[in-house]
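Enquirer: Got a structure here, written out as structure tokens. Questions coming.
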Amino acid sequence: EPEVTQTPSHQVTQMGQEVILRCVPISNHLYFYWYRQILGQKVEFLVSFYNNEISEKSEIFDDQFSVERPDGSNFTLKIRSTKLEDSAMYFCASRVGAGEKLFFGSGTQLSVL
Amino acid sequence: GQNIDQPTEMTATEGAIVQINCTYQTSGFNGLFWYQQHAGEAPTFLSYNVLDGLEEKGRFSSFLSRSKGYSYLLLKELQMKDSASYLCAVRVNDYKLSFGAGTTVTVRA
């Protein structure tokens, strides 16, 4: 079955540093997402991306966050100046159409020290 | 805001049945999903309800009542591998899926 691929699986960074989390969604999918899950907490919506633009974002997704689809296959999440509270598992997800289920990648565990 | 409530934990015996309830109050509703998540892993899709009624898929069934803002996931013939967190999620609009906090199910021998 096709998969959403995320790299790296683990990322350790110093507070204030920039990080880029990378994702390759399933090839024929049109809707792309980033979610995060702080340890022991619920999966939280960050942003959705469709037709080469952000379609919706949450309150968490402030000016420190940005997303990009630089080519036809990659989808990235950038955090410009990381904070301790950004430590979480970040999941990329994609779906093919409006009524379809989300497929999640295996996640990037971000640790901010 | 979106309110999606489900019990925190449930415990059941191998071979038994467990029902996980989910109630929701959301700004919009375009369907309800159930996902399974093992510790440290990504959520994986279990079921999707957009109309009222019961959807059955093998050992797992899911029910929806839109008028009551209520769904449940029924797990039958429990196996040890079913020990996981079960996430109720509501598609609020075309773009956003909001998750409940999850129900941790522990299956005991």
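To be explicit about the labels: the chains of the structure tokens are called A, B, and onward in the order shown, and within each one the residues are counted from 1, while ligands get numbers from 1 in the order they are shown.
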Tell me as a PyMOL selection string which residues belonging to chain A come within 10 Å of chain B, counting only C-alpha atoms.

Expert: chain A and resi 31-33+35+39-50+54-58+89-93+97-107+109

Enquirer: What would the file look like if the residues just selected were written as a tab-separated table (two decimals), in the first residue's frame with N, CA and C atoms?

Expert:
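Below is the file part.tsv, written as the result:
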chain	number	residue	atom	x	y	z
A	31	TYR	N	-4.58	16.78	-0.91
A	31	TYR	CA	-4.71	17.54	0.33
A	31	TYR	C	-3.58	17.10	1.25
A	32	PHE	N	-2.91	18.07	1.89
A	32	PHE	CA	-1.75	17.77	2.72
A	32	PHE	C	-1.89	18.45	4.08
A	33	TYR	N	-1.38	17.79	5.09
A	33	TYR	CA	-1.60	18.26	6.46
A	33	TYR	C	-0.34	18.07	7.31
A	35	TYR	N	0.09	17.65	11.53
A	35	TYR	CA	-0.47	17.53	12.87
A	35	TYR	C	0.70	17.35	13.83
A	39	LEU	N	3.70	14.54	23.88
A	39	LEU	CA	3.65	13.27	24.59
A	39	LEU	C	2.50	13.21	25.59
A	40	GLY	N	1.65	12.19	25.41
A	40	GLY	CA	0.54	11.99	26.34
A	40	GLY	C	-0.68	12.84	26.05
A	41	GLN	N	-0.61	13.65	24.99
A	41	GLN	CA	-1.73	14.52	24.66
A	41	GLN	C	-2.36	14.13	23.33
A	42	LYS	N	-3.38	14.87	22.95
A	42	LYS	CA	-4.12	14.49	21.74
A	42	LYS	C	-3.41	14.97	20.48
A	43	VAL	N	-3.81	14.40	19.38
A	43	VAL	CA	-3.31	14.81	18.07
A	43	VAL	C	-3.94	16.16	17.73
A	44	GLU	N	-3.09	17.16	17.45
A	44	GLU	CA	-3.57	18.53	17.22
A	44	GLU	C	-3.34	18.95	15.78
A	45	PHE	N	-4.35	19.51	15.19
A	45	PHE	CA	-4.26	20.04	13.83
A	45	PHE	C	-3.37	21.28	13.80
A	46	LEU	N	-2.47	21.33	12.84
A	46	LEU	CA	-1.65	22.52	12.64
A	46	LEU	C	-2.09	23.28	11.39
A	47	VAL	N	-2.07	22.58	10.24
A	47	VAL	CA	-2.30	23.28	8.98
A	47	VAL	C	-2.74	22.30	7.91
A	48	SER	N	-3.57	22.80	6.99
A	48	SER	CA	-3.91	22.03	5.80
A	48	SER	C	-3.49	22.82	4.57
A	49	PHE	N	-3.19	22.11	3.50
A	49	PHE	CA	-2.60	22.72	2.29
A	49	PHE	C	-3.25	22.06	1.09
A	50	TYR	N	-3.82	22.91	0.23
A	50	TYR	CA	-4.50	22.39	-0.96
A	50	TYR	C	-4.33	23.38	-2.09
A	54	ILE	N	-2.19	27.43	1.72
A	54	ILE	CA	-2.77	27.03	3.00
A	54	ILE	C	-4.27	27.21	2.93
A	55	SER	N	-5.02	26.14	3.26
A	55	SER	CA	-6.47	26.23	3.24
A	55	SER	C	-7.03	26.51	4.63
A	56	GLU	N	-6.34	26.05	5.64
A	56	GLU	CA	-6.74	26.35	7.01
A	56	GLU	C	-5.55	26.13	7.93
A	57	LYS	N	-5.50	26.93	9.01
A	57	LYS	CA	-4.45	26.74	10.00
A	57	LYS	C	-5.03	26.95	11.40
A	58	SER	N	-4.37	26.37	12.38
A	58	SER	CA	-4.83	26.49	13.76
A	58	SER	C	-4.12	27.65	14.45
A	89	MET	N	5.77	14.99	18.62
A	89	MET	CA	5.79	14.16	17.42
A	89	MET	C	5.01	14.91	16.36
A	90	TYR	N	5.61	15.13	15.21
A	90	TYR	CA	4.95	15.84	14.12
A	90	TYR	C	4.58	14.82	13.04
A	91	PHE	N	3.29	14.79	12.71
A	91	PHE	CA	2.79	13.86	11.70
A	91	PHE	C	2.40	14.64	10.45
A	92	CYS	N	2.85	14.15	9.33
A	92	CYS	CA	2.38	14.61	8.04
A	92	CYS	C	1.26	13.66	7.60
A	93	ALA	N	0.27	14.18	6.90
A	93	ALA	CA	-0.83	13.33	6.43
A	93	ALA	C	-1.28	13.84	5.07
A	97	GLY	N	-8.95	12.99	-1.83
A	97	GLY	CA	-10.08	13.83	-2.19
A	97	GLY	C	-10.86	14.25	-0.98
A	98	ALA	N	-11.95	14.98	-1.23
A	98	ALA	CA	-12.67	15.66	-0.16
A	98	ALA	C	-13.28	14.69	0.85
A	99	GLY	N	-13.77	13.56	0.42
A	99	GLY	CA	-14.45	12.68	1.36
A	99	GLY	C	-13.62	11.53	1.86
A	100	GLU	N	-12.35	11.58	1.59
A	100	GLU	CA	-11.51	10.42	1.83
A	100	GLU	C	-10.77	10.49	3.17
A	101	LYS	N	-10.31	9.32	3.61
A	101	LYS	CA	-9.59	9.22	4.88
A	101	LYS	C	-8.19	9.81	4.75
A	102	LEU	N	-7.65	10.19	5.89
A	102	LEU	CA	-6.28	10.67	5.97
A	102	LEU	C	-5.32	9.50	6.14
A	103	PHE	N	-4.24	9.56	5.40
A	103	PHE	CA	-3.14	8.63	5.61
A	103	PHE	C	-2.03	9.40	6.33
A	104	PHE	N	-1.55	8.82	7.43
A	104	PHE	CA	-0.52	9.48	8.23
A	104	PHE	C	0.85	8.88	7.96
A	105	GLY	N	1.86	9.73	7.98
A	105	GLY	CA	3.22	9.25	8.00
A	105	GLY	C	3.58	8.76	9.40
A	106	SER	N	4.77	8.18	9.52
A	106	SER	CA	5.19	7.59	10.80
A	106	SER	C	5.71	8.61	11.80
A	107	GLY	N	5.82	9.87	11.37
A	107	GLY	CA	6.12	10.94	12.30
A	107	GLY	C	7.58	11.29	12.44
A	109	GLN	N	9.89	12.80	15.51
A	109	GLN	CA	9.95	13.17	16.92
A	109	GLN	C	10.93	14.33	17.07

Enquirer: Could you pull the residues within 8 Å of Leu84 of chain A, counting only C-alpha atoms, minus those fewer than 4 positions along the same chain, as a PyMOL selection string?

Expert: chain A and resi 15+111-113

Enquirer: Using only C-alpha atoms, can you tell me which of A:Ser87, A:Leu110, A:Ser94, A:Leu77 comes closest to Val4 of chain A?

Expert: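 Once distances to Val4 of chain A are computed over only C-alpha atoms, the minimum belongs to A:Ser94.
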
Enquirer: Just want the 10 Å neighbourhood of Glu56 of chain B, counted on only C-alpha atoms, with same-chain residues fewer than 6 positions away dropped. Output as a JSON list (two decimals) with C-alpha atoms, in the first residue's frame.

Expert:
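Output below, filename part30.json:
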[["chain", "number", "residue", "atom", "x", "y", "z"],
["B", 47, "SER", "CA", -13.71, 3.46, 10.06],
["B", 62, "SER", "CA", -18.82, 2.01, 14.24],
["B", 63, "PHE", "CA", -22.13, 3.75, 14.86],
["B", 73, "LEU", "CA", -16.63, 2.07, 18.15],
["B", 74, "LEU", "CA", -17.32, -1.57, 18.95]]

Enquirer: Write out as a list of chain:residue names the residues lying within 7 Å of Thr5 of chain A, counting only C-alpha atoms and excluding same-chain residues fewer than 3 positions away.

Expert: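 Residues near the query, excluding close chain neighbours: A:Cys23, A:Val24, A:Pro25, A:Gly105.
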
Enquirer: Grab the residues selected above and save them as a CSV table (one decimal), in the first residue's frame with all heavy atoms.

Expert:
chain,number,residue,atom,x,y,z
A,23,CYS,N,8.4,15.7,4.3
A,23,CYS,CA,7.3,14.7,4.1
A,23,CYS,C,7.2,14.5,2.6
A,23,CYS,O,7.3,15.4,1.8
A,23,CYS,CB,6.0,15.2,4.6
A,23,CYS,SG,4.6,14.3,4.2
A,24,VAL,N,7.0,13.2,2.2
A,24,VAL,CA,6.6,12.9,0.8
A,24,VAL,C,5.2,12.3,0.9
A,24,VAL,O,5.1,11.1,1.3
A,24,VAL,CB,7.6,12.0,0.1
A,24,VAL,CG1,7.1,11.7,-1.3
A,24,VAL,CG2,9.0,12.6,0.1
A,25,PRO,N,4.2,13.1,0.5
A,25,PRO,CA,2.8,12.5,0.6
A,25,PRO,C,2.6,11.4,-0.5
A,25,PRO,O,3.5,11.3,-1.4
A,25,PRO,CB,1.9,13.7,0.3
A,25,PRO,CG,2.8,14.9,0.5
A,25,PRO,CD,4.2,14.5,0.2
A,105,GLY,N,1.9,9.7,8.0
A,105,GLY,CA,3.2,9.2,8.0
A,105,GLY,C,3.6,8.8,9.4
A,105,GLY,O,2.8,8.9,10.3

Enquirer: What parts of segment 14-44 of chain A does DSSP call strand (DSSP E)? I'd like the answer as a PyMOL selection string.

Expert: chain A and resi 19-24+31-37+43-44

Enquirer: Please provide as a list of chain:residue names all residues within 12 Å of Gly53 of chain B, with the sequence filter that same-chain residues fewer than 6 positions apart are discarded (counting only C-alpha atoms).

Expert: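 Returned residues: B:Leu32, B:Ser61, B:Ser62, B:Phe63, B:Leu64, B:Ser65, B:Arg66, B:Ser67, B:Tyr70, B:Ser71, B:Tyr72, B:Leu73.
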
Enquirer: Okay, now the selection with N, CA and C atoms, as an mmCIF file, in the first residue's frame?

Expert:
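File written: result17.cif
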data_model
loop_
_atom_site.group_PDB
_atom_site.id
_atom_site.type_symbol
_atom_site.label_atom_id
_atom_site.label_comp_id
_atom_site.auth_asym_id
_atom_site.auth_seq_id
_atom_site.Cartn_x
_atom_site.Cartn_y
_atom_site.Cartn_z
ATOM 1 N N LEU B 32 -17.331 11.392 10.610
ATOM 2 C CA LEU B 32 -16.604 11.021 11.818
ATOM 3 C C LEU B 32 -15.735 9.810 11.531
ATOM 4 N N SER B 61 -16.881 -2.337 14.456
ATOM 5 C CA SER B 61 -18.083 -1.671 13.957
ATOM 6 C C SER B 61 -18.107 -0.265 14.506
ATOM 7 N N SER B 62 -18.694 0.640 13.750
ATOM 8 C CA SER B 62 -18.821 2.011 14.236
ATOM 9 C C SER B 62 -20.233 2.499 13.963
ATOM 10 N N PHE B 63 -20.748 3.259 14.927
ATOM 11 C CA PHE B 63 -22.126 3.755 14.862
ATOM 12 C C PHE B 63 -22.113 5.268 14.956
ATOM 13 N N LEU B 64 -23.051 5.893 14.265
ATOM 14 C CA LEU B 64 -23.170 7.349 14.310
ATOM 15 C C LEU B 64 -24.630 7.767 14.466
ATOM 16 N N SER B 65 -24.848 8.746 15.355
ATOM 17 C CA SER B 65 -26.117 9.454 15.426
ATOM 18 C C SER B 65 -25.804 10.943 15.364
ATOM 19 N N ARG B 66 -26.087 11.548 14.222
ATOM 20 C CA ARG B 66 -25.764 12.966 14.047
ATOM 21 C C ARG B 66 -26.640 13.853 14.919
ATOM 22 N N SER B 67 -27.902 13.494 15.105
ATOM 23 C CA SER B 67 -28.798 14.323 15.908
ATOM 24 C C SER B 67 -28.364 14.360 17.373
ATOM 25 N N TYR B 70 -23.174 11.798 18.563
ATOM 26 C CA TYR B 70 -22.707 10.622 19.287
ATOM 27 C C TYR B 70 -22.252 9.547 18.308
ATOM 28 N N SER B 71 -21.159 8.901 18.676
ATOM 29 C CA SER B 71 -20.667 7.764 17.924
ATOM 30 C C SER B 71 -20.086 6.752 18.907
ATOM 31 N N TYR B 72 -20.034 5.513 18.466
ATOM 32 C CA TYR B 72 -19.268 4.535 19.238
ATOM 33 C C TYR B 72 -18.511 3.621 18.297
ATOM 34 N N LEU B 73 -17.427 3.092 18.828
ATOM 35 C CA LEU B 73 -16.630 2.067 18.153
ATOM 36 C C LEU B 73 -16.752 0.788 18.967
#

Enquirer: Give me the residues near Thr23 of chain B as a list in words, where near means some atom within 6 Å (using only C-alpha atoms) and where sequence neighbours in that chain fewer than 6 positions away do not count.

Expert: Ile4, Asp5, Gly69 and Tyr70 of chain B

Enquirer: Just checking: using only C-alpha atoms, which residue out of A:Gln6, A:Leu21, A:Ser27, A:Gln37 ends up closest to Glu68 of chain A?

Expert: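 Smallest separation from Glu68 of chain A among the options: A:Leu21.
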
Enquirer: Take atom CA of Gln17 of chain A and atom CA of Ile60 of chain A and report the distance between them in Å, one decimal.

Expert: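 Answer for the atom CA of Gln17 of chain A to atom CA of Ile60 of chain A separation: 18.1 Å.
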